[in-house]
file data_21.pdb (PDB, C-alpha atoms and all ligand atoms)
MODEL        1
ATOM      1  CA  MET F   1     148.436  67.654 120.294  1.00  0.00           C
ATOM      2  CA  SER F   2     145.233  69.533 121.043  1.00  0.00           C
ATOM      3  CA  ARG F   3     143.143  68.290 123.912  1.00  0.00           C
ATOM      4  CA  PRO F   4     139.778  69.407 125.295  1.00  0.00           C
ATOM      5  CA  SER F   5     139.653  71.866 128.181  1.00  0.00           C
ATOM      6  CA  PHE F   6     138.006  70.829 131.461  1.00  0.00           C
ATOM      7  CA  HIS F   7     135.292  73.388 130.727  1.00  0.00           C
ATOM      8  CA  SER F   8     134.505  71.634 127.484  1.00  0.00           C
ATOM      9  CA  ILE F   9     134.547  68.175 129.086  1.00  0.00           C
ATOM     10  CA  TYR F  10     132.249  69.098 131.987  1.00  0.00           C
ATOM     11  CA  MET F  11     129.807  71.004 129.783  1.00  0.00           C
ATOM     12  CA  ARG F  12     129.585  67.881 127.633  1.00  0.00           C
ATOM     13  CA  LEU F  13     128.961  65.848 130.809  1.00  0.00           C
ATOM     14  CA  ALA F  14     126.039  68.169 131.666  1.00  0.00           C
ATOM     15  CA  GLU F  15     124.731  67.696 128.120  1.00  0.00           C
ATOM     16  CA  LEU F  16     125.039  63.908 128.371  1.00  0.00           C
ATOM     17  CA  MET F  17     123.113  63.957 131.659  1.00  0.00           C
ATOM     18  CA  SER F  18     120.345  65.986 130.007  1.00  0.00           C
ATOM     19  CA  GLU F  19     119.730  63.019 127.679  1.00  0.00           C
ATOM     20  CA  ARG F  20     118.264  61.162 130.673  1.00  0.00           C
ATOM     21  CA  SER F  21     115.566  63.813 131.130  1.00  0.00           C
ATOM     22  CA  THR F  22     112.005  62.544 130.899  1.00  0.00           C
ATOM     23  CA  CYS F  23     110.465  66.038 130.901  1.00  0.00           C
ATOM     24  CA  VAL F  24     108.346  66.836 127.845  1.00  0.00           C
ATOM     25  CA  ARG F  25     108.206  70.591 128.462  1.00  0.00           C
ATOM     26  CA  THR F  26     109.139  72.629 125.392  1.00  0.00           C
ATOM     27  CA  ASN F  27     110.501  76.159 125.069  1.00  0.00           C
ATOM     28  CA  SER F  28     108.991  78.941 122.943  1.00  0.00           C
ATOM     29  CA  SER F  29     110.735  77.507 119.859  1.00  0.00           C
ATOM     30  CA  GLY F  30     109.139  74.123 120.452  1.00  0.00           C
ATOM     31  CA  GLN F  31     112.397  72.470 121.524  1.00  0.00           C
ATOM     32  CA  LEU F  32     112.318  69.937 124.373  1.00  0.00           C
ATOM     33  CA  MET F  33     113.687  71.395 127.612  1.00  0.00           C
ATOM     34  CA  GLN F  34     116.027  68.543 128.425  1.00  0.00           C
ATOM     35  CA  VAL F  35     118.303  70.087 131.005  1.00  0.00           C
ATOM     36  CA  GLY F  36     121.481  68.766 132.612  1.00  0.00           C
ATOM     37  CA  CYS F  37     123.824  70.002 135.322  1.00  0.00           C
ATOM     38  CA  ALA F  38     127.240  68.974 136.681  1.00  0.00           C
ATOM     39  CA  ILE F  39     128.840  70.342 139.842  1.00  0.00           C
ATOM     40  CA  VAL F  40     132.600  69.774 140.005  1.00  0.00           C
ATOM     41  CA  SER F  41     135.431  70.647 142.373  1.00  0.00           C
ATOM     42  CA  ALA F  42     137.121  73.929 141.447  1.00  0.00           C
ATOM     43  CA  ASP F  43     140.369  72.069 140.688  1.00  0.00           C
ATOM     44  CA  PHE F  44     138.387  69.925 138.178  1.00  0.00           C
ATOM     45  CA  ARG F  45     139.600  66.719 139.820  1.00  0.00           C
ATOM     46  CA  ARG F  46     136.233  65.516 141.087  1.00  0.00           C
ATOM     47  CA  VAL F  47     132.639  65.458 139.917  1.00  0.00           C
ATOM     48  CA  LEU F  48     130.692  66.377 143.064  1.00  0.00           C
ATOM     49  CA  SER F  49     127.165  65.936 141.740  1.00  0.00           C
ATOM     50  CA  ILE F  50     125.066  65.658 138.600  1.00  0.00           C
ATOM     51  CA  GLY F  51     121.398  66.236 137.812  1.00  0.00           C
ATOM     52  CA  TYR F  52     118.777  66.364 135.078  1.00  0.00           C
ATOM     53  CA  ASN F  53     115.147  67.424 135.099  1.00  0.00           C
ATOM     54  CA  GLY F  54     112.475  64.872 135.875  1.00  0.00           C
ATOM     55  CA  ASN F  55     110.028  63.659 138.475  1.00  0.00           C
ATOM     56  CA  ALA F  56     111.084  62.643 142.006  1.00  0.00           C
ATOM     57  CA  ALA F  57     112.611  59.158 142.380  1.00  0.00           C
ATOM     58  CA  GLY F  58     109.909  56.490 142.702  1.00  0.00           C
ATOM     59  CA  LEU F  59     107.209  58.607 141.067  1.00  0.00           C
ATOM     60  CA  PRO F  60     106.228  57.969 137.410  1.00  0.00           C
ATOM     61  CA  ASN F  61     108.985  58.899 134.928  1.00  0.00           C
ATOM     62  CA  LYS F  62     106.912  61.631 133.335  1.00  0.00           C
ATOM     63  CA  CYS F  63     105.603  65.161 133.874  1.00  0.00           C
ATOM     64  CA  ASP F  64     102.581  65.623 136.177  1.00  0.00           C
ATOM     65  CA  SER F  65     100.839  67.741 133.554  1.00  0.00           C
ATOM     66  CA  THR F  66     101.356  69.026 130.003  1.00  0.00           C
ATOM     67  CA  GLU F  67      99.985  72.421 131.015  1.00  0.00           C
ATOM     68  CA  VAL F  68     102.592  75.179 130.649  1.00  0.00           C
ATOM     69  CA  GLY F  69     104.304  75.886 133.980  1.00  0.00           C
ATOM     70  CA  ALA F  70     102.736  72.872 135.716  1.00  0.00           C
ATOM     71  CA  CYS F  71     104.900  69.959 134.589  1.00  0.00           C
ATOM     72  CA  GLY F  72     106.015  69.425 138.194  1.00  0.00           C
ATOM     73  CA  CYS F  73     109.477  68.156 137.319  1.00  0.00           C
ATOM     74  CA  ILE F  74     112.417  68.843 139.618  1.00  0.00           C
ATOM     75  CA  HIS F  75     114.900  71.054 137.763  1.00  0.00           C
ATOM     76  CA  ALA F  76     118.323  69.675 136.800  1.00  0.00           C
ATOM     77  CA  GLU F  77     120.207  72.222 138.923  1.00  0.00           C
ATOM     78  CA  GLU F  78     117.851  71.555 141.839  1.00  0.00           C
ATOM     79  CA  ASN F  79     118.545  67.802 141.609  1.00  0.00           C
ATOM     80  CA  ALA F  80     122.299  68.424 141.407  1.00  0.00           C
ATOM     81  CA  VAL F  81     122.196  70.694 144.481  1.00  0.00           C
ATOM     82  CA  ILE F  82     120.107  68.134 146.441  1.00  0.00           C
ATOM     83  CA  SER F  83     122.605  65.355 145.601  1.00  0.00           C
ATOM     84  CA  CYS F  84     125.727  67.395 146.316  1.00  0.00           C
ATOM     85  CA  GLN F  85     127.360  66.123 149.499  1.00  0.00           C
ATOM     86  CA  ALA F  86     130.426  68.353 149.313  1.00  0.00           C
ATOM     87  CA  ALA F  87     131.042  70.716 152.216  1.00  0.00           C
ATOM     88  CA  ARG F  88     129.765  74.290 151.892  1.00  0.00           C
ATOM     89  CA  SER F  89     133.347  75.466 152.248  1.00  0.00           C
ATOM     90  CA  GLU F  90     134.582  73.497 149.218  1.00  0.00           C
ATOM     91  CA  ASP F  91     135.099  75.606 146.087  1.00  0.00           C
ATOM     92  CA  LYS F  92     132.844  74.459 143.263  1.00  0.00           C
ATOM     93  CA  ILE F  93     132.164  75.130 139.586  1.00  0.00           C
ATOM     94  CA  VAL F  94     128.713  74.493 138.110  1.00  0.00           C
ATOM     95  CA  PHE F  95     128.011  73.543 134.474  1.00  0.00           C
ATOM     96  CA  CYS F  96     124.442  73.919 133.194  1.00  0.00           C
ATOM     97  CA  THR F  97     123.100  73.109 129.742  1.00  0.00           C
ATOM     98  CA  HIS F  98     120.707  76.064 130.081  1.00  0.00           C
ATOM     99  CA  LEU F  99     120.877  79.421 131.833  1.00  0.00           C
ATOM    100  CA  PRO F 100     119.309  78.533 135.217  1.00  0.00           C
ATOM    101  CA  CYS F 101     115.946  79.938 136.296  1.00  0.00           C
ATOM    102  CA  LYS F 102     115.817  82.438 139.154  1.00  0.00           C
ATOM    103  CA  ALA F 103     114.879  79.815 141.774  1.00  0.00           C
ATOM    104  CA  CYS F 104     117.716  77.478 140.730  1.00  0.00           C
ATOM    105  CA  ALA F 105     120.162  80.395 140.777  1.00  0.00           C
ATOM    106  CA  LYS F 106     119.231  80.862 144.431  1.00  0.00           C
ATOM    107  CA  ARG F 107     119.672  77.135 145.109  1.00  0.00           C
ATOM    108  CA  ILE F 108     123.148  77.270 143.521  1.00  0.00           C
ATOM    109  CA  ILE F 109     124.034  80.325 145.621  1.00  0.00           C
ATOM    110  CA  GLN F 110     122.689  78.664 148.774  1.00  0.00           C
ATOM    111  CA  LEU F 111     124.770  75.517 148.150  1.00  0.00           C
ATOM    112  CA  GLY F 112     127.807  77.534 149.198  1.00  0.00           C
ATOM    113  CA  GLY F 113     131.306  77.606 147.758  1.00  0.00           C
ATOM    114  CA  VAL F 114     130.232  78.082 144.127  1.00  0.00           C
ATOM    115  CA  ARG F 115     132.842  80.253 142.421  1.00  0.00           C
ATOM    116  CA  GLU F 116     131.857  79.975 138.753  1.00  0.00           C
ATOM    117  CA  VAL F 117     128.756  79.004 136.774  1.00  0.00           C
ATOM    118  CA  TYR F 118     128.759  78.165 133.048  1.00  0.00           C
ATOM    119  CA  TYR F 119     125.733  77.689 130.817  1.00  0.00           C
ATOM    120  CA  ARG F 120     125.355  76.642 127.193  1.00  0.00           C
ATOM    121  CA  LYS F 121     121.845  77.614 126.014  1.00  0.00           C
ATOM    122  CA  ASP F 122     120.803  81.168 126.641  1.00  0.00           C
ATOM    123  CA  TYR F 123     117.459  82.397 127.958  1.00  0.00           C
ATOM    124  CA  ARG F 124     115.717  85.707 127.335  1.00  0.00           C
ATOM    125  CA  LEU F 125     115.395  86.508 131.048  1.00  0.00           C
ATOM    126  CA  LYS F 126     118.689  87.165 132.830  1.00  0.00           C
ATOM    127  CA  ASP F 127     117.477  87.308 136.459  1.00  0.00           C
ATOM    128  CA  SER F 128     119.849  84.497 137.381  1.00  0.00           C
ATOM    129  CA  LEU F 129     122.842  86.378 135.915  1.00  0.00           C
ATOM    130  CA  MET F 130     121.838  89.372 138.006  1.00  0.00           C
ATOM    131  CA  LEU F 131     121.674  87.234 141.190  1.00  0.00           C
ATOM    132  CA  PHE F 132     125.005  85.475 140.563  1.00  0.00           C
ATOM    133  CA  THR F 133     126.815  88.745 139.935  1.00  0.00           C
ATOM    134  CA  ASP F 134     125.253  90.584 142.887  1.00  0.00           C
ATOM    135  CA  PRO F 135     128.227  92.135 144.734  1.00  0.00           C
ATOM    136  CA  ASN F 136     127.270  90.236 147.884  1.00  0.00           C
ATOM    137  CA  VAL F 137     127.280  86.923 146.003  1.00  0.00           C
ATOM    138  CA  SER F 138     129.967  87.434 143.367  1.00  0.00           C
ATOM    139  CA  ILE F 139     129.858  84.245 141.362  1.00  0.00           C
ATOM    140  CA  THR F 140     131.605  84.521 137.983  1.00  0.00           C
ATOM    141  CA  VAL F 141     129.326  83.500 135.112  1.00  0.00           C
ATOM    142  CA  GLY F 142     130.211  82.422 131.592  1.00  0.00           C
ATOM    143  CA  HIS F 143     128.104  81.713 128.525  1.00  0.00           C
ATOM    144  CA  LEU F 144     129.890  78.682 127.087  1.00  0.00           C
ATOM    145  CA  PHE F 145     128.014  79.149 123.812  1.00  0.00           C
ATOM    146  CA  ASP F 146     130.340  76.646 122.189  1.00  0.00           C
ATOM    147  CA  VAL F 147     131.861  73.870 124.299  1.00  0.00           C
ATOM    148  CA  ASP F 148     135.313  74.754 122.986  1.00  0.00           C
ATOM    149  CA  VAL F 149     135.183  78.497 123.664  1.00  0.00           C
ATOM    150  CA  GLU F 150     137.767  79.830 126.132  1.00  0.00           C
ATOM    151  CA  LYS F 151     136.378  80.649 129.569  1.00  0.00           C
ATOM    152  CA  ASP F 152     137.502  84.308 129.371  1.00  0.00           C
ATOM    153  CA  GLU F 153     135.450  84.857 126.240  1.00  0.00           C
ATOM    154  CA  ALA F 154     132.506  82.943 127.772  1.00  0.00           C
ATOM    155  CA  GLN F 155     132.619  85.247 130.805  1.00  0.00           C
ATOM    156  CA  GLN F 156     132.835  88.372 128.652  1.00  0.00           C
ATOM    157  CA  VAL F 157     129.824  87.299 126.554  1.00  0.00           C
ATOM    158  CA  ALA F 158     127.709  86.668 129.674  1.00  0.00           C
ATOM    159  CA  ALA F 159     128.705  90.020 131.195  1.00  0.00           C
ATOM    160  CA  GLU F 160     127.744  91.856 127.985  1.00  0.00           C
ATOM    161  CA  ALA F 161     124.400  90.032 127.781  1.00  0.00           C
ATOM    162  CA  LEU F 162     123.581  91.031 131.359  1.00  0.00           C
ATOM    163  CA  THR F 163     124.501  94.702 130.778  1.00  0.00           C
ATOM    164  CA  LYS F 164     122.375  94.794 127.610  1.00  0.00           C
ATOM    165  CA  TRP F 165     119.406  93.194 129.425  1.00  0.00           C
ATOM    166  CA  GLN F 166     119.645  95.637 132.330  1.00  0.00           C
ATOM    167  CA  LEU F 167     119.764  98.626 129.951  1.00  0.00           C
ATOM    168  CA  GLU F 168     116.709  97.338 128.051  1.00  0.00           C
ATOM    169  CA  LYS F 169     114.788  96.840 131.292  1.00  0.00           C
ATOM    170  CA  ARG F 170     115.592 100.384 132.381  1.00  0.00           C
ATOM    171  CA  GLY F 171     114.852 101.887 128.949  1.00  0.00           C
TER     172      GLY F 171
HETATM  173 ZN    ZN F 201     108.418  67.973 133.136  1.00  0.00          ZN
HETATM  174 ZN    ZN F 202     115.400  75.908 137.621  1.00  0.00          ZN
ENDMDL
END

call {"tool": "encode", "arguments": {"input": "data_21.pdb", "output": "structure tokens"}}
result
Amino acid sequence: MSRPSFHSIYMRLAELMSERSTCVRTNSSGQLMQVGCAIVSADFRRVLSIGYNGNAAGLPNKCDSTEVGACGCIHAEENAVISCQAARSEDKIVFCTHLPCKACAKRIIQLGGVREVYYRKDYRLKDSLMLFTDPNVSITVGHLFDVDVEKDEAQQVAAEALTKWQLEKRG
């Protein structure tokens, strides 16, 4: 009997959470940026926190502005970090529907105890990959491009993407 891996299950949880997003921001391809995030214990036994992008609780369930870069929504990863009550010392794994932005990468690092980060949708800029893999941070990252891909392959794909991006930046 084949059964889904925990990686697949928690990435799907992040994707389900993204469906609650009320943000109307779109990416360069015109797709809605509905983003979800799930933070789980490293033994996969507990969901520690979840988040999706949207306005602060109590404020209108919509973006502040339709102007690019000024929607004012709290990012999914930011919401998940704010809601995470687990101790800094607890080992955690983070699942994101999208490669986090640079600021959210720092929030995830600052949460403490994060050992691995997985993302599903890629982004042209890889600043967050660079931050996670900084030798003084050393968080393993994986591009779970398909929910059923093995984590080793996901990690290899992310590492290659980062190397390629760094070479292009230098070139
Ligand atoms: Zn928004
Ligand atoms: Zn962000």

call {"tool": "resolve_selection", "arguments": {"input": "data_21.pdb", "expression": "the PyMOL selection byres (((not hetatm)) within 10 of (chain F and resi 201))", "output": "MDAnalysis selection string"}}
result
chainID F and resid 21:26 32:34 53:55 61:75

call {"tool": "resolve_selection", "arguments": {"input": "data_21.pdb", "expression": "the PyMOL selection byres (((chain F and resi 77) around 10) and not hetatm)", "output": "MDAnalysis selection string"}}
result
chainID F and resid 35:39 49:53 74:76 78:83 94:98 100:101 103:105 107:108

call {"tool": "write_last_selection", "arguments": {"input": "data_21.pdb", "atoms": "C-alpha atoms", "output": "CSV table (one decimal), in the frame of the given file"}}
result
chain,number,residue,atom,x,y,z
F,35,VAL,CA,118.3,70.1,131.0
F,36,GLY,CA,121.5,68.8,132.6
F,37,CYS,CA,123.8,70.0,135.3
F,38,ALA,CA,127.2,69.0,136.7
F,39,ILE,CA,128.8,70.3,139.8
F,49,SER,CA,127.2,65.9,141.7
F,50,ILE,CA,125.1,65.7,138.6
F,51,GLY,CA,121.4,66.2,137.8
F,52,TYR,CA,118.8,66.4,135.1
F,53,ASN,CA,115.1,67.4,135.1
F,74,ILE,CA,112.4,68.8,139.6
F,75,HIS,CA,114.9,71.1,137.8
F,76,ALA,CA,118.3,69.7,136.8
F,78,GLU,CA,117.9,71.6,141.8
F,79,ASN,CA,118.5,67.8,141.6
F,80,ALA,CA,122.3,68.4,141.4
F,81,VAL,CA,122.2,70.7,144.5
F,82,ILE,CA,120.1,68.1,146.4
F,83,SER,CA,122.6,65.4,145.6
F,94,VAL,CA,128.7,74.5,138.1
F,95,PHE,CA,128.0,73.5,134.5
F,96,CYS,CA,124.4,73.9,133.2
F,97,THR,CA,123.1,73.1,129.7
F,98,HIS,CA,120.7,76.1,130.1
F,100,PRO,CA,119.3,78.5,135.2
F,101,CYS,CA,115.9,79.9,136.3
F,103,ALA,CA,114.9,79.8,141.8
F,104,CYS,CA,117.7,77.5,140.7
F,105,ALA,CA,120.2,80.4,140.8
F,107,ARG,CA,119.7,77.1,145.1
F,108,ILE,CA,123.1,77.3,143.5

call {"tool": "atom_distance", "arguments": {"input": "data_21.pdb", "atom1": "atom CA of Lys121 of chain F", "atom2": "atom CA of Pro4 of chain F"}}
result
19.7 Å

call {"tool": "closest_residue", "arguments": {"input": "data_21.pdb", "among": "F:Leu99, F:Leu162, F:Leu167, F:Ala154", "to": "ligand ZN 202 (chain F)", "atoms": "all atoms listed in the file"}}
result
F:Leu99

call {"tool": "residues_around", "arguments": {"input": "data_21.pdb", "residues": "Thr140 of chain F", "least_positions_apart": "3", "cutoff": "10 Å", "atoms": "all atoms listed in the file", "output": "list in words"}}
result
Ile93, Val114, Arg115, Glu116, Val117, Tyr118, Leu129, Phe132, Thr133, Val137, Gln155, Ala158 and Ala159 of chain F

call {"tool": "closest_residue", "arguments": {"input": "data_21.pdb", "among": "F:Ser5, F:Arg45, F:Gln156, F:Lys102", "to": "ligand ZN 202 (chain F)", "atoms": "all atoms listed in the file"}}
result
F:Lys102

call {"tool": "closest_residue", "arguments": {"input": "data_21.pdb", "among": "F:Cys84, F:Met1, F:Leu13, F:Leu59", "to": "Arg120 of chain F", "atoms": "all atoms listed in the file"}}
result
F:Leu13

call {"tool": "closest_residue", "arguments": {"input": "data_21.pdb", "among": "F:Glu168, F:Asp146, F:Asp127, F:Glu90", "to": "ligand ZN 202 (chain F)", "atoms": "only C-alpha atoms and all ligand atoms"}}
result
F:Asp127

call {"tool": "closest_residue", "arguments": {"input": "data_21.pdb", "among": "F:Lys106, F:Lys92, F:Lys169, F:Lys151", "to": "Arg124 of chain F", "atoms": "all atoms listed in the file"}}
result
F:Lys169

call {"tool": "closest_residue", "arguments": {"input": "data_21.pdb", "among": "F:Tyr123, F:Ile139, F:Glu15, F:Leu144", "to": "ligand ZN 202 (chain F)", "atoms": "all atoms listed in the file"}}
result
F:Tyr123

call {"tool": "atom_distance", "arguments": {"input": "data_21.pdb", "atom1": "atom CA of His143 of chain F", "atom2": "atom CA of Ser89 of chain F"}}
result
25.1 Å

call {"tool": "atom_distance", "arguments": {"input": "data_21.pdb", "atom1": "atom CA of Phe6 of chain F", "atom2": "atom CA of Asp122 of chain F"}}
result
20.6 Å
